[in-house]
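File shown here: target.csv, holding CSV, N, CA and C atoms.
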```csv
chain,number,residue,atom,x,y,z
A,1,MET,N,78.7,102.1,49.3
A,1,MET,CA,77.8,103.2,49.6
A,1,MET,C,78.7,104.3,50.2
A,2,ILE,N,78.4,105.6,49.9
A,2,ILE,CA,79.1,106.7,50.4
A,2,ILE,C,78.2,107.5,51.4
A,3,LEU,N,78.8,107.8,52.6
A,3,LEU,CA,78.1,108.6,53.6
A,3,LEU,C,78.5,110.1,53.4
A,4,TYR,N,77.6,111.0,53.3
A,4,TYR,CA,77.8,112.4,53.1
A,4,TYR,C,77.4,113.1,54.4
A,5,ILE,N,78.2,113.9,55.0
A,5,ILE,CA,77.9,114.7,56.2
A,5,ILE,C,78.2,116.2,55.9
A,6,ASN,N,77.1,117.0,56.2
A,6,ASN,CA,77.3,118.4,56.1
A,6,ASN,C,76.7,119.1,57.4
A,7,SER,N,77.6,119.5,58.3
A,7,SER,CA,77.2,120.2,59.5
A,7,SER,C,77.8,121.6,59.5
A,8,ALA,N,78.3,122.1,58.4
A,8,ALA,CA,79.1,123.3,58.4
A,8,ALA,C,78.2,124.5,58.7
A,9,ASP,N,76.9,124.4,58.5
A,9,ASP,CA,75.9,125.5,58.8
A,9,ASP,C,75.3,125.1,60.1
A,10,PHE,N,75.5,125.8,61.2
A,10,PHE,CA,75.0,125.3,62.5
A,10,PHE,C,73.5,125.4,62.6
A,11,GLN,N,72.8,125.8,61.6
A,11,GLN,CA,71.3,125.8,61.6
A,11,GLN,C,70.7,124.7,60.9
A,12,LYS,N,71.5,123.9,60.2
A,12,LYS,CA,70.9,122.7,59.5
A,12,LYS,C,72.0,121.6,59.4
A,13,LEU,N,71.5,120.4,59.4
A,13,LEU,CA,72.3,119.2,59.1
A,13,LEU,C,71.9,118.6,57.8
A,14,HIS,N,72.8,118.0,57.0
A,14,HIS,CA,72.4,117.4,55.8
A,14,HIS,C,73.2,116.1,55.8
A,15,PHE,N,72.5,115.0,55.8
A,15,PHE,CA,73.1,113.6,55.7
A,15,PHE,C,72.6,113.0,54.4
A,16,ALA,N,73.5,112.2,53.7
A,16,ALA,CA,73.0,111.5,52.5
A,16,ALA,C,73.8,110.2,52.4
A,17,LEU,N,73.2,109.2,51.8
A,17,LEU,CA,73.8,108.0,51.4
A,17,LEU,C,73.8,108.0,49.9
A,18,ILE,N,75.0,107.9,49.3
A,18,ILE,CA,75.1,108.0,47.9
A,18,ILE,C,75.5,106.6,47.4
A,19,GLY,N,74.6,106.0,46.6
A,19,GLY,CA,74.8,104.7,46.0
A,19,GLY,C,74.1,104.7,44.6
A,20,GLU,N,73.5,103.6,44.3
A,20,GLU,CA,72.7,103.7,43.0
A,20,GLU,C,71.6,104.7,43.1
A,21,LYS,N,71.0,104.8,44.3
A,21,LYS,CA,70.1,105.9,44.6
A,21,LYS,C,70.6,106.8,45.7
A,22,ILE,N,70.1,108.0,45.7
A,22,ILE,CA,70.6,108.9,46.8
A,22,ILE,C,69.4,109.0,47.8
A,23,LYS,N,69.8,108.7,49.1
A,23,LYS,CA,68.8,108.9,50.2
A,23,LYS,C,69.4,110.0,51.0
A,24,GLN,N,68.6,111.0,51.3
A,24,GLN,CA,69.1,112.1,52.1
A,24,GLN,C,68.1,112.7,53.1
A,25,LYS,N,68.6,113.4,54.0
A,25,LYS,CA,67.8,114.0,55.0
A,25,LYS,C,68.4,115.4,55.4
A,26,LYS,N,67.6,116.4,55.4
A,26,LYS,CA,68.0,117.7,55.9
A,26,LYS,C,67.2,118.0,57.1
A,27,ILE,N,67.9,118.5,58.2
A,27,ILE,CA,67.3,118.7,59.5
A,27,ILE,C,67.6,120.2,59.9
A,28,SER,N,66.6,120.9,60.2
A,28,SER,CA,66.8,122.3,60.8
A,28,SER,C,67.1,122.1,62.3
A,29,ILE,N,68.1,122.8,62.8
A,29,ILE,CA,68.5,122.7,64.2
A,29,ILE,C,68.9,124.1,64.7
A,30,SER,N,69.0,124.2,66.0
A,30,SER,CA,69.6,125.4,66.7
A,30,SER,C,71.0,125.0,67.1
A,31,HIS,N,71.8,126.0,67.3
A,31,HIS,CA,73.2,125.7,67.7
A,31,HIS,C,73.4,124.7,68.8
A,32,PRO,N,72.7,124.8,69.9
A,32,PRO,CA,72.9,123.9,71.0
A,32,PRO,C,72.6,122.4,70.6
A,33,GLU,N,71.8,122.2,69.6
A,33,GLU,CA,71.4,120.9,69.2
A,33,GLU,C,72.5,120.2,68.4
A,34,LEU,N,73.6,120.9,68.1
A,34,LEU,CA,74.7,120.2,67.4
A,34,LEU,C,75.2,119.0,68.1
A,35,GLU,N,75.1,119.1,69.5
A,35,GLU,CA,75.7,118.0,70.3
A,35,GLU,C,74.9,116.7,70.0
A,36,LYS,N,73.7,116.7,69.4
A,36,LYS,CA,73.0,115.5,69.1
A,36,LYS,C,73.2,115.1,67.6
A,37,THR,N,74.2,115.6,66.9
A,37,THR,CA,74.4,115.3,65.5
A,37,THR,C,74.7,113.8,65.3
A,38,THR,N,75.5,113.2,66.2
A,38,THR,CA,75.8,111.7,66.0
A,38,THR,C,74.5,110.9,66.2
A,39,GLU,N,73.7,111.3,67.2
A,39,GLU,CA,72.4,110.6,67.4
A,39,GLU,C,71.5,110.7,66.1
A,40,ARG,N,71.5,111.9,65.6
A,40,ARG,CA,70.7,112.1,64.4
A,40,ARG,C,71.2,111.4,63.2
A,41,LEU,N,72.5,111.2,63.1
A,41,LEU,CA,73.1,110.5,62.0
A,41,LEU,C,72.8,109.0,62.2
A,42,GLU,N,72.9,108.5,63.4
A,42,GLU,CA,72.5,107.1,63.6
A,42,GLU,C,71.0,106.8,63.3
A,43,THR,N,70.2,107.8,63.7
A,43,THR,CA,68.7,107.7,63.4
A,43,THR,C,68.5,107.6,61.9
A,44,PHE,N,69.2,108.5,61.1
A,44,PHE,CA,69.1,108.5,59.7
A,44,PHE,C,69.5,107.2,59.1
A,45,LEU,N,70.6,106.6,59.5
A,45,LEU,CA,71.1,105.3,59.0
A,45,LEU,C,70.0,104.2,59.3
A,46,LYS,N,69.4,104.2,60.5
A,46,LYS,CA,68.4,103.3,60.9
A,46,LYS,C,67.2,103.4,60.0
A,47,GLU,N,66.8,104.7,59.7
A,47,GLU,CA,65.6,105.0,58.9
A,47,GLU,C,65.8,104.4,57.5
A,48,GLN,N,67.1,104.5,57.0
A,48,GLN,CA,67.4,104.0,55.7
A,48,GLN,C,67.8,102.5,55.6
A,49,LYS,N,67.7,101.9,56.8
A,49,LYS,CA,68.0,100.5,56.9
A,49,LYS,C,69.4,100.2,56.4
A,50,THR,N,70.3,101.0,56.8
A,50,THR,CA,71.7,100.9,56.3
A,50,THR,C,72.6,100.5,57.5
A,51,LYS,N,73.4,99.5,57.3
A,51,LYS,CA,74.3,99.1,58.4
A,51,LYS,C,75.6,99.8,58.1
A,52,LEU,N,76.3,100.1,59.2
A,52,LEU,CA,77.6,100.8,59.1
A,52,LEU,C,78.6,100.1,58.2
A,53,GLN,N,78.5,98.7,58.2
A,53,GLN,CA,79.5,98.0,57.3
A,53,GLN,C,79.2,98.2,55.8
A,54,GLU,N,78.1,98.8,55.5
A,54,GLU,CA,77.8,99.0,54.1
A,54,GLU,C,78.5,100.3,53.6
A,55,ILE,N,78.9,101.1,54.5
A,55,ILE,CA,79.6,102.4,54.1
A,55,ILE,C,81.0,102.1,53.7
A,56,GLU,N,81.3,102.6,52.5
A,56,GLU,CA,82.7,102.4,51.9
A,56,GLU,C,83.6,103.6,52.0
A,57,LYS,N,83.0,104.8,52.1
A,57,LYS,CA,83.7,106.0,52.1
A,57,LYS,C,82.8,107.1,52.8
A,58,ILE,N,83.5,108.1,53.4
A,58,ILE,CA,82.8,109.2,54.0
A,58,ILE,C,83.2,110.5,53.3
A,59,ILE,N,82.3,111.4,53.0
A,59,ILE,CA,82.6,112.7,52.5
A,59,ILE,C,82.0,113.7,53.5
A,60,VAL,N,82.8,114.7,53.9
A,60,VAL,CA,82.4,115.7,54.9
A,60,VAL,C,82.7,117.1,54.3
A,61,VAL,N,81.7,118.0,54.5
A,61,VAL,CA,81.9,119.4,54.1
A,61,VAL,C,82.7,120.1,55.1
A,62,VAL,N,83.8,120.8,54.7
A,62,VAL,CA,84.7,121.3,55.7
A,62,VAL,C,84.8,122.8,55.7
A,63,GLY,N,84.0,123.5,54.9
A,63,GLY,CA,84.1,125.0,55.1
A,63,GLY,C,83.8,125.7,53.8
A,64,LYS,N,83.7,126.9,53.9
A,64,LYS,CA,83.7,127.8,55.0
A,64,LYS,C,82.4,127.6,55.8
A,65,GLY,N,82.5,127.5,57.0
A,65,GLY,CA,81.3,127.3,57.8
A,65,GLY,C,81.5,127.6,59.3
A,66,SER,N,80.5,127.3,60.1
A,66,SER,CA,80.6,127.6,61.5
A,66,SER,C,81.8,126.8,62.1
A,67,PHE,N,82.5,127.4,63.0
A,67,PHE,CA,83.6,126.7,63.6
A,67,PHE,C,83.2,125.4,64.3
A,68,THR,N,82.1,125.5,65.1
A,68,THR,CA,81.6,124.3,65.8
A,68,THR,C,81.1,123.2,64.8
A,69,GLY,N,80.3,123.7,63.9
A,69,GLY,CA,79.7,122.7,62.9
A,69,GLY,C,80.8,122.0,62.1
A,70,VAL,N,81.7,122.8,61.6
A,70,VAL,CA,82.8,122.1,60.8
A,70,VAL,C,83.6,121.2,61.6
A,71,ARG,N,84.0,121.6,62.8
A,71,ARG,CA,84.8,120.7,63.6
A,71,ARG,C,84.0,119.4,64.0
A,72,LEU,N,82.8,119.6,64.3
A,72,LEU,CA,81.9,118.4,64.6
A,72,LEU,C,81.8,117.5,63.4
A,73,GLY,N,81.5,118.0,62.2
A,73,GLY,CA,81.4,117.1,61.1
A,73,GLY,C,82.7,116.3,60.8
A,74,ILE,N,83.9,117.0,60.9
A,74,ILE,CA,85.2,116.4,60.7
A,74,ILE,C,85.4,115.3,61.8
A,75,SER,N,85.1,115.6,63.0
A,75,SER,CA,85.3,114.7,64.1
A,75,SER,C,84.4,113.4,63.9
A,76,ILE,N,83.2,113.6,63.5
A,76,ILE,CA,82.3,112.4,63.3
A,76,ILE,C,82.8,111.6,62.1
A,77,ALA,N,83.2,112.3,61.0
A,77,ALA,CA,83.6,111.6,59.9
A,77,ALA,C,84.9,110.8,60.2
A,78,LEU,N,85.8,111.4,60.9
A,78,LEU,CA,87.1,110.7,61.3
A,78,LEU,C,86.8,109.5,62.2
A,79,ALA,N,85.9,109.7,63.2
A,79,ALA,CA,85.6,108.6,64.1
A,79,ALA,C,85.0,107.4,63.4
A,80,PHE,N,84.0,107.7,62.6
A,80,PHE,CA,83.3,106.6,61.8
A,80,PHE,C,84.3,106.0,60.9
A,81,ALA,N,85.1,106.8,60.2
A,81,ALA,CA,86.1,106.2,59.3
A,81,ALA,C,87.1,105.3,60.0
A,82,ASP,N,87.6,105.7,61.1
A,82,ASP,CA,88.5,105.0,61.9
A,82,ASP,C,87.9,103.6,62.4
A,83,ALA,N,86.7,103.8,62.9
A,83,ALA,CA,86.0,102.6,63.4
A,83,ALA,C,85.7,101.6,62.3
A,84,LEU,N,85.4,102.1,61.1
A,84,LEU,CA,85.0,101.2,60.0
A,84,LEU,C,86.2,100.8,59.1
A,85,GLY,N,87.4,101.4,59.4
A,85,GLY,CA,88.6,101.1,58.6
A,85,GLY,C,88.5,101.6,57.1
A,86,ILE,N,87.8,102.8,56.9
A,86,ILE,CA,87.6,103.3,55.6
A,86,ILE,C,88.2,104.7,55.6
A,87,GLN,N,88.2,105.4,54.4
A,87,GLN,CA,88.7,106.7,54.3
A,87,GLN,C,87.7,107.8,54.4
A,88,ALA,N,88.1,109.0,54.9
A,88,ALA,CA,87.2,110.1,55.0
A,88,ALA,C,87.8,111.2,54.0
A,89,TYR,N,86.9,111.9,53.3
A,89,TYR,CA,87.4,112.9,52.4
A,89,TYR,C,86.7,114.2,52.6
A,90,ALA,N,87.4,115.3,52.4
A,90,ALA,CA,86.9,116.7,52.6
A,90,ALA,C,86.4,117.2,51.2
A,91,VAL,N,85.3,118.0,51.3
A,91,VAL,CA,84.9,118.8,50.2
A,91,VAL,C,84.5,120.2,50.7
A,92,ASP,N,84.9,121.2,49.9
A,92,ASP,CA,84.7,122.6,50.4
A,92,ASP,C,83.2,122.9,50.1
A,93,GLN,N,82.6,123.7,50.9
A,93,GLN,CA,81.2,124.1,50.8
A,93,GLN,C,80.9,124.7,49.5
A,94,LYS,N,81.8,125.5,48.9
A,94,LYS,CA,81.5,126.2,47.6
A,94,LYS,C,81.6,125.2,46.5
A,95,GLU,N,82.2,124.0,46.7
A,95,GLU,CA,82.3,123.0,45.6
A,95,GLU,C,81.1,122.0,45.8
A,96,ASN,N,80.2,122.2,46.7
A,96,ASN,CA,79.2,121.2,47.0
A,96,ASN,C,78.0,121.4,46.1
A,97,PRO,N,77.9,120.7,45.1
A,97,PRO,CA,76.7,120.8,44.2
A,97,PRO,C,75.5,120.3,44.8
A,98,SER,N,74.3,120.8,44.3
A,98,SER,CA,73.1,120.3,44.8
A,98,SER,C,72.9,118.8,44.3
A,99,ASP,N,73.5,118.5,43.2
A,99,ASP,CA,73.5,117.1,42.7
A,99,ASP,C,74.6,116.4,43.4
A,100,LEU,N,74.3,115.5,44.3
A,100,LEU,CA,75.3,114.8,45.1
A,100,LEU,C,76.1,113.8,44.3
A,101,LYS,N,75.5,113.3,43.2
A,101,LYS,CA,76.3,112.4,42.3
A,101,LYS,C,77.5,113.2,41.7
A,102,GLY,N,77.2,114.5,41.4
A,102,GLY,CA,78.2,115.3,40.8
A,102,GLY,C,79.4,115.6,41.8
A,103,LEU,N,79.1,115.5,43.0
A,103,LEU,CA,80.1,115.7,44.1
A,103,LEU,C,81.2,114.6,43.9
A,104,LEU,N,80.9,113.4,43.5
A,104,LEU,CA,81.9,112.4,43.4
A,104,LEU,C,82.9,112.7,42.3
A,105,LYS,N,82.6,113.6,41.4
A,105,LYS,CA,83.5,113.9,40.3
A,105,LYS,C,84.5,115.1,40.7
A,106,LYS,N,84.2,115.7,41.9
A,106,LYS,CA,85.1,116.8,42.4
A,106,LYS,C,86.3,116.2,43.0
A,107,LYS,N,87.4,117.1,43.0
A,107,LYS,CA,88.6,116.7,43.6
A,107,LYS,C,88.4,116.8,45.1
A,108,MET,N,88.7,115.7,45.8
A,108,MET,CA,88.6,115.7,47.3
A,108,MET,C,89.9,115.4,47.9
A,109,VAL,N,90.1,115.9,49.2
A,109,VAL,CA,91.3,115.7,49.9
A,109,VAL,C,91.0,114.7,51.0
A,110,GLN,N,91.8,113.6,51.1
A,110,GLN,CA,91.7,112.7,52.2
A,110,GLN,C,92.0,113.4,53.5
A,111,ILE,N,91.2,113.2,54.5
A,111,ILE,CA,91.5,113.8,55.8
A,111,ILE,C,91.9,112.8,56.8
A,112,LYS,N,92.7,113.3,57.7
A,112,LYS,CA,93.2,112.5,58.9
A,112,LYS,C,93.2,113.4,60.1
A,113,ALA,N,93.4,112.8,61.2
A,113,ALA,CA,93.5,113.5,62.5
A,113,ALA,C,94.5,114.7,62.3
A,114,GLY,N,94.1,115.9,62.8
A,114,GLY,CA,94.9,117.1,62.7
A,114,GLY,C,94.5,117.9,61.4
A,115,TYR,N,93.6,117.5,60.6
A,115,TYR,CA,93.2,118.2,59.5
A,115,TYR,C,92.7,119.6,59.9
A,116,ASN,N,93.2,120.6,59.1
A,116,ASN,CA,92.9,122.0,59.5
A,116,ASN,C,92.0,122.7,58.4
A,117,PRO,N,90.7,122.7,58.6
A,117,PRO,CA,89.8,123.3,57.6
A,117,PRO,C,89.8,124.8,57.7
A,118,GLU,N,89.1,125.5,56.8
A,118,GLU,CA,88.9,126.9,56.8
A,118,GLU,C,87.5,127.2,57.4
A,119,TYR,N,87.5,128.2,58.3
A,119,TYR,CA,86.3,128.5,59.0
A,119,TYR,C,85.8,129.9,58.5
A,120,ALA,N,84.5,130.1,58.6
A,120,ALA,CA,83.9,131.4,58.2
A,120,ALA,C,84.3,132.5,59.1
A,121,ASN,N,84.4,132.1,60.4
A,121,ASN,CA,84.7,133.1,61.5
A,121,ASN,C,85.7,132.5,62.5
A,122,GLU,N,86.2,133.3,63.4
A,122,GLU,CA,87.0,132.8,64.5
A,122,GLU,C,86.0,132.1,65.5
A,123,PRO,N,86.5,131.1,66.2
A,123,PRO,CA,85.6,130.5,67.2
A,123,PRO,C,85.1,131.5,68.2
A,124,ASN,N,83.9,131.3,68.7
A,124,ASN,CA,83.3,132.2,69.7
A,124,ASN,C,83.0,131.3,70.9
A,125,ILE,N,84.0,131.1,71.7
A,125,ILE,CA,83.7,130.1,72.8
A,125,ILE,C,83.9,130.8,74.2
A,126,THR,N,84.0,132.1,74.2
A,126,THR,CA,84.2,132.8,75.4
A,126,THR,C,82.9,133.1,76.1
A,127,LYS,N,82.7,132.9,77.4
A,127,LYS,CA,81.5,133.2,78.1
A,127,LYS,C,81.4,134.7,78.3
A,128,LYS,N,80.3,135.3,78.0
A,128,LYS,CA,80.0,136.7,78.3
A,128,LYS,C,79.3,136.9,79.6
A,129,ASN,N,79.8,137.8,80.4
A,129,ASN,CA,79.1,138.1,81.7
A,129,ASN,C,78.1,139.1,81.6
```
Starting from the file, give its structure as structure tokens.
Amino acid sequence: MILYINSADFQKLHFALIGEKIKQKKISISHPELEKTTERLETFLKEQKTKLQEIEKIIVVVGKGSFTGVRLGISIALAFADALGIQAYAVDQKENPSDLKGLLKKKMVQIKAGYNPEYANEPNITKKN
């Protein structure tokens, strides 16, 4: 089974499990709620009665998207991949078809720590007074 993670748009999350059938969930969020992405992913997996050991590969959308959302998606994908001893792959937002099965036919890049995606904008992390 393949785990798909898309957090590139900081206003929504999209998780999917791609196997013989596709099980997916789209969640509308606000920017501060991104910190709960891992919790929401774990809830999605529980709702689908899927054990982590059933995941064979992870695909994560890497851009162009929000700096925070893209970095978060990559971090989660790499952490899960490392913990499970599997590979994580990147797919660009513009190559992301609505048909997730079609996604498997696209060229993907294996990602590792230090992967440098393309962002829609510069990070905005400075506090304004």
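Nearest-residue note for Ile18 of chain A: choosing from A:Leu104, A:Ala77, A:Ala83, A:Val109, the minimum distance belongs to A:Leu104, counting only C-alpha atoms.
Among the candidate residues A:Glu42, A:Ile59, A:Gln11, A:Leu103, the one lying nearest to Ile27 of chain A is A:Gln11, with distances computed using all atoms listed in the file.
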Q: Figure out the distance between atom C of Glu54 of chain A and atom C of Gly102 of chain A, please, to one decimal in Å.
A: 19.3 Å
Q.
Calculated over all atoms listed in the file, which of the candidates A:Ile2, A:Leu52, A:Val60, A:Ala16 has the smallest distance to Leu84 of chain A?
A.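 Answer, going by the shortest atom-to-atom distance: A:Leu52.
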**Q.** For atom CA of Lys101 of chain A and atom CA of Phe44 of chain A, the interatomic separation in Å (one decimal)
**A.**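 That distance, rounded to one decimal, is 19.2 Å.
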Q: Could you tell me which of A:Val91, A:Ala113, A:Ala79, A:Ile55 comes closest to Leu3 of chain A if we count only C-alpha atoms?
A: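 Residue with the minimum atom-to-atom distance to Leu3 of chain A: A:Ile55.
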Can you complete the atoms of segment 57-68 of chain A to all heavy atoms and list them as a PDB file, in the coordinates of the input?
```
ATOM      1  N   LYS A  57      83.000 104.800  52.100  1.00  0.00           N
ATOM      2  CA  LYS A  57      83.700 106.000  52.100  1.00  0.00           C
ATOM      3  C   LYS A  57      82.800 107.100  52.800  1.00  0.00           C
ATOM      4  O   LYS A  57      81.621 107.017  52.685  1.00  0.00           O
ATOM      5  CB  LYS A  57      84.080 106.405  50.684  1.00  0.00           C
ATOM      6  CG  LYS A  57      84.762 107.724  50.531  1.00  0.00           C
ATOM      7  CD  LYS A  57      85.359 108.027  49.161  1.00  0.00           C
ATOM      8  CE  LYS A  57      84.550 107.761  47.963  1.00  0.00           C
ATOM      9  NZ  LYS A  57      85.182 108.248  46.708  1.00  0.00           N
ATOM     10  N   ILE A  58      83.500 108.100  53.400  1.00  0.00           N
ATOM     11  CA  ILE A  58      82.800 109.200  54.000  1.00  0.00           C
ATOM     12  C   ILE A  58      83.200 110.500  53.300  1.00  0.00           C
ATOM     13  O   ILE A  58      84.446 110.732  53.177  1.00  0.00           O
ATOM     14  CB  ILE A  58      82.976 109.266  55.490  1.00  0.00           C
ATOM     15  CG1 ILE A  58      82.468 107.967  56.127  1.00  0.00           C
ATOM     16  CG2 ILE A  58      82.279 110.478  56.103  1.00  0.00           C
ATOM     17  CD1 ILE A  58      82.784 107.833  57.595  1.00  0.00           C
ATOM     18  N   ILE A  59      82.300 111.400  53.000  1.00  0.00           N
ATOM     19  CA  ILE A  59      82.600 112.700  52.500  1.00  0.00           C
ATOM     20  C   ILE A  59      82.000 113.700  53.500  1.00  0.00           C
ATOM     21  O   ILE A  59      80.848 113.593  53.852  1.00  0.00           O
ATOM     22  CB  ILE A  59      81.987 112.940  51.094  1.00  0.00           C
ATOM     23  CG1 ILE A  59      82.586 111.961  50.082  1.00  0.00           C
ATOM     24  CG2 ILE A  59      82.210 114.382  50.650  1.00  0.00           C
ATOM     25  CD1 ILE A  59      81.909 112.004  48.728  1.00  0.00           C
ATOM     26  N   VAL A  60      82.800 114.700  53.900  1.00  0.00           N
ATOM     27  CA  VAL A  60      82.400 115.700  54.900  1.00  0.00           C
ATOM     28  C   VAL A  60      82.700 117.100  54.300  1.00  0.00           C
ATOM     29  O   VAL A  60      83.705 117.310  53.714  1.00  0.00           O
ATOM     30  CB  VAL A  60      83.037 115.465  56.242  1.00  0.00           C
ATOM     31  CG1 VAL A  60      84.544 115.616  56.170  1.00  0.00           C
ATOM     32  CG2 VAL A  60      82.460 116.404  57.282  1.00  0.00           C
ATOM     33  N   VAL A  61      81.700 118.000  54.500  1.00  0.00           N
ATOM     34  CA  VAL A  61      81.900 119.400  54.100  1.00  0.00           C
ATOM     35  C   VAL A  61      82.700 120.100  55.100  1.00  0.00           C
ATOM     36  O   VAL A  61      82.413 119.961  56.309  1.00  0.00           O
ATOM     37  CB  VAL A  61      80.510 120.071  53.882  1.00  0.00           C
ATOM     38  CG1 VAL A  61      80.692 121.555  53.618  1.00  0.00           C
ATOM     39  CG2 VAL A  61      79.733 119.416  52.747  1.00  0.00           C
ATOM     40  N   VAL A  62      83.800 120.800  54.700  1.00  0.00           N
ATOM     41  CA  VAL A  62      84.700 121.300  55.700  1.00  0.00           C
ATOM     42  C   VAL A  62      84.800 122.800  55.700  1.00  0.00           C
ATOM     43  O   VAL A  62      85.569 123.364  56.458  1.00  0.00           O
ATOM     44  CB  VAL A  62      86.139 120.749  55.400  1.00  0.00           C
ATOM     45  CG1 VAL A  62      86.176 119.269  55.640  1.00  0.00           C
ATOM     46  CG2 VAL A  62      86.633 121.104  54.017  1.00  0.00           C
ATOM     47  N   GLY A  63      84.000 123.500  54.900  1.00  0.00           N
ATOM     48  CA  GLY A  63      84.100 125.000  55.100  1.00  0.00           C
ATOM     49  C   GLY A  63      83.800 125.700  53.800  1.00  0.00           C
ATOM     50  O   GLY A  63      83.525 125.047  52.827  1.00  0.00           O
ATOM     51  N   LYS A  64      83.700 126.900  53.900  1.00  0.00           N
ATOM     52  CA  LYS A  64      83.700 127.800  55.000  1.00  0.00           C
ATOM     53  C   LYS A  64      82.400 127.600  55.800  1.00  0.00           C
ATOM     54  O   LYS A  64      81.371 127.681  55.147  1.00  0.00           O
ATOM     55  CB  LYS A  64      83.911 129.238  54.669  1.00  0.00           C
ATOM     56  CG  LYS A  64      85.243 129.600  54.115  1.00  0.00           C
ATOM     57  CD  LYS A  64      85.307 131.098  53.868  1.00  0.00           C
ATOM     58  CE  LYS A  64      86.716 131.501  53.509  1.00  0.00           C
ATOM     59  NZ  LYS A  64      86.850 132.927  53.248  1.00  0.00           N
ATOM     60  N   GLY A  65      82.500 127.500  57.000  1.00  0.00           N
ATOM     61  CA  GLY A  65      81.300 127.300  57.800  1.00  0.00           C
ATOM     62  C   GLY A  65      81.500 127.600  59.300  1.00  0.00           C
ATOM     63  O   GLY A  65      82.572 128.091  59.647  1.00  0.00           O
ATOM     64  N   SER A  66      80.500 127.300  60.100  1.00  0.00           N
ATOM     65  CA  SER A  66      80.600 127.600  61.500  1.00  0.00           C
ATOM     66  C   SER A  66      81.800 126.800  62.100  1.00  0.00           C
ATOM     67  O   SER A  66      81.932 125.606  61.742  1.00  0.00           O
ATOM     68  CB  SER A  66      79.288 127.313  62.198  1.00  0.00           C
ATOM     69  OG  SER A  66      79.314 126.149  62.966  1.00  0.00           O
ATOM     70  N   PHE A  67      82.500 127.400  63.000  1.00  0.00           N
ATOM     71  CA  PHE A  67      83.600 126.700  63.600  1.00  0.00           C
ATOM     72  C   PHE A  67      83.200 125.400  64.300  1.00  0.00           C
ATOM     73  O   PHE A  67      83.704 124.294  64.000  1.00  0.00           O
ATOM     74  CB  PHE A  67      84.295 127.575  64.672  1.00  0.00           C
ATOM     75  CG  PHE A  67      85.455 126.933  65.379  1.00  0.00           C
ATOM     76  CD1 PHE A  67      86.719 126.984  64.832  1.00  0.00           C
ATOM     77  CD2 PHE A  67      85.280 126.271  66.581  1.00  0.00           C
ATOM     78  CE1 PHE A  67      87.801 126.377  65.470  1.00  0.00           C
ATOM     79  CE2 PHE A  67      86.348 125.662  67.233  1.00  0.00           C
ATOM     80  CZ  PHE A  67      87.608 125.726  66.663  1.00  0.00           C
ATOM     81  N   THR A  68      82.100 125.500  65.100  1.00  0.00           N
ATOM     82  CA  THR A  68      81.600 124.300  65.800  1.00  0.00           C
ATOM     83  C   THR A  68      81.100 123.200  64.800  1.00  0.00           C
ATOM     84  O   THR A  68      81.401 122.051  64.936  1.00  0.00           O
ATOM     85  CB  THR A  68      80.532 124.678  66.801  1.00  0.00           C
ATOM     86  OG1 THR A  68      81.067 125.671  67.684  1.00  0.00           O
ATOM     87  CG2 THR A  68      80.044 123.485  67.596  1.00  0.00           C
TER      88      THR A  68
END
```
